[in-house]
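The next block holds one structure in the form of structure tokens; read it before the comments.
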Amino acid sequence: MTTFKLKPNNKFKERSVCFGVSETRGSYKILNDTIFFSESAPRGDEEYYKFAILQKSKFRDEIALFRYRNRSDTIGHELWIMKNDL
């Protein structure tokens, strides 16, 4: 299970629980329809996502957050939005 939070002070926090707990923190910036990430506490040696956009989910009739590792990433990682206070 992944919990991803965008905080009002332009900070984000991601917490993943799967065979252990990992946490990533950093900052974000919104430009037009894109959210850009700058991580400050990376999880392991894995590269974190560079940006995200909101678009229709592939699995549900709702909007989801799709995160991408770089510009050549065409699939992205979909996160369902359970709560939106923005």
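By convention here, the chains of the structure tokens are called A, B, ... in the order presented, each chain's residues are numbered starting at 1, and ligands are numbered starting at 1 in the order presented.
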- Would you return as a ChimeraX atom specification the members of region 2-84 of chain A that DSSP assigns to strand (DSSP E or B) on this structure's backbone? /A:2-6,11-17,21-31,34-41,51-56,63-68,77-80
Resulting file, chosen residues, C-alpha atoms, as a CSV table (one decimal), in the first residue's frame:
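Writing done, so here's selection08.csv:
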chain,number,residue,atom,x,y,z
A,2,THR,CA,1.3,3.4,-0.9
A,3,THR,CA,0.3,6.7,0.8
A,4,PHE,CA,1.4,9.8,-1.1
A,5,LYS,CA,0.8,13.3,0.3
A,6,LEU,CA,1.3,16.7,-1.2
A,11,LYS,CA,6.7,19.3,0.4
A,12,PHE,CA,5.6,15.7,-0.4
A,13,LYS,CA,5.9,12.5,1.5
A,14,GLU,CA,5.5,8.9,0.1
A,15,ARG,CA,5.2,5.9,2.4
A,16,SER,CA,5.1,2.4,0.9
A,17,VAL,CA,4.5,-0.8,2.8
A,21,VAL,CA,8.4,0.1,5.0
A,22,SER,CA,10.1,2.8,2.8
A,23,GLU,CA,9.6,6.5,2.9
A,24,THR,CA,10.6,9.2,0.4
A,25,ARG,CA,10.4,13.0,1.1
A,26,GLY,CA,11.0,16.0,-1.0
A,27,SER,CA,9.6,19.1,-2.6
A,28,TYR,CA,7.3,19.7,-5.5
A,29,LYS,CA,6.4,22.5,-7.9
A,30,ILE,CA,3.2,22.8,-10.0
A,31,LEU,CA,3.5,24.3,-13.4
A,34,THR,CA,2.2,19.0,-14.2
A,35,ILE,CA,3.7,18.4,-10.8
A,36,PHE,CA,7.5,18.3,-10.7
A,37,PHE,CA,9.3,16.5,-7.9
A,38,SER,CA,12.7,17.0,-6.2
A,39,GLU,CA,13.5,14.3,-3.7
A,40,SER,CA,15.5,15.0,-0.6
A,41,ALA,CA,15.4,11.7,1.1
A,51,PHE,CA,6.9,14.5,-12.6
A,52,ALA,CA,3.2,13.6,-12.5
A,53,ILE,CA,0.0,14.5,-14.1
A,54,LEU,CA,-3.7,14.0,-13.4
A,55,GLN,CA,-5.6,12.0,-16.0
A,56,LYS,CA,-8.4,9.4,-16.3
A,63,ILE,CA,-9.1,10.7,-12.2
A,64,ALA,CA,-5.8,9.3,-11.0
A,65,LEU,CA,-2.3,10.6,-10.5
A,66,PHE,CA,0.2,9.2,-13.0
A,67,ARG,CA,3.9,9.5,-12.0
A,68,TYR,CA,6.7,9.2,-14.5
A,77,HIS,CA,2.8,4.6,-12.3
A,78,GLU,CA,-0.9,5.2,-11.4
A,79,LEU,CA,-2.0,6.1,-7.9
A,80,TRP,CA,-5.7,6.3,-7.2
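For the atom pair formed by CA of Asp61 (chain A) and CA of Ile75 (chain A), the distance is 18.3 Å, given to one decimal.
The interatomic distance for the pair CA of Glu47 (chain A) and CA of Phe59 (chain A) works out to 25.7 Å.
Interatomic distance, CA of Lys58 (chain A) against CA of Asp33 (chain A): 18.7 Å.
Take the candidates A:Asn84, A:Ser57, A:Asn9, A:Lys50 and check each one against Asn70 (chain A) using only C-alpha atoms; the shortest distance goes to A:Lys50.
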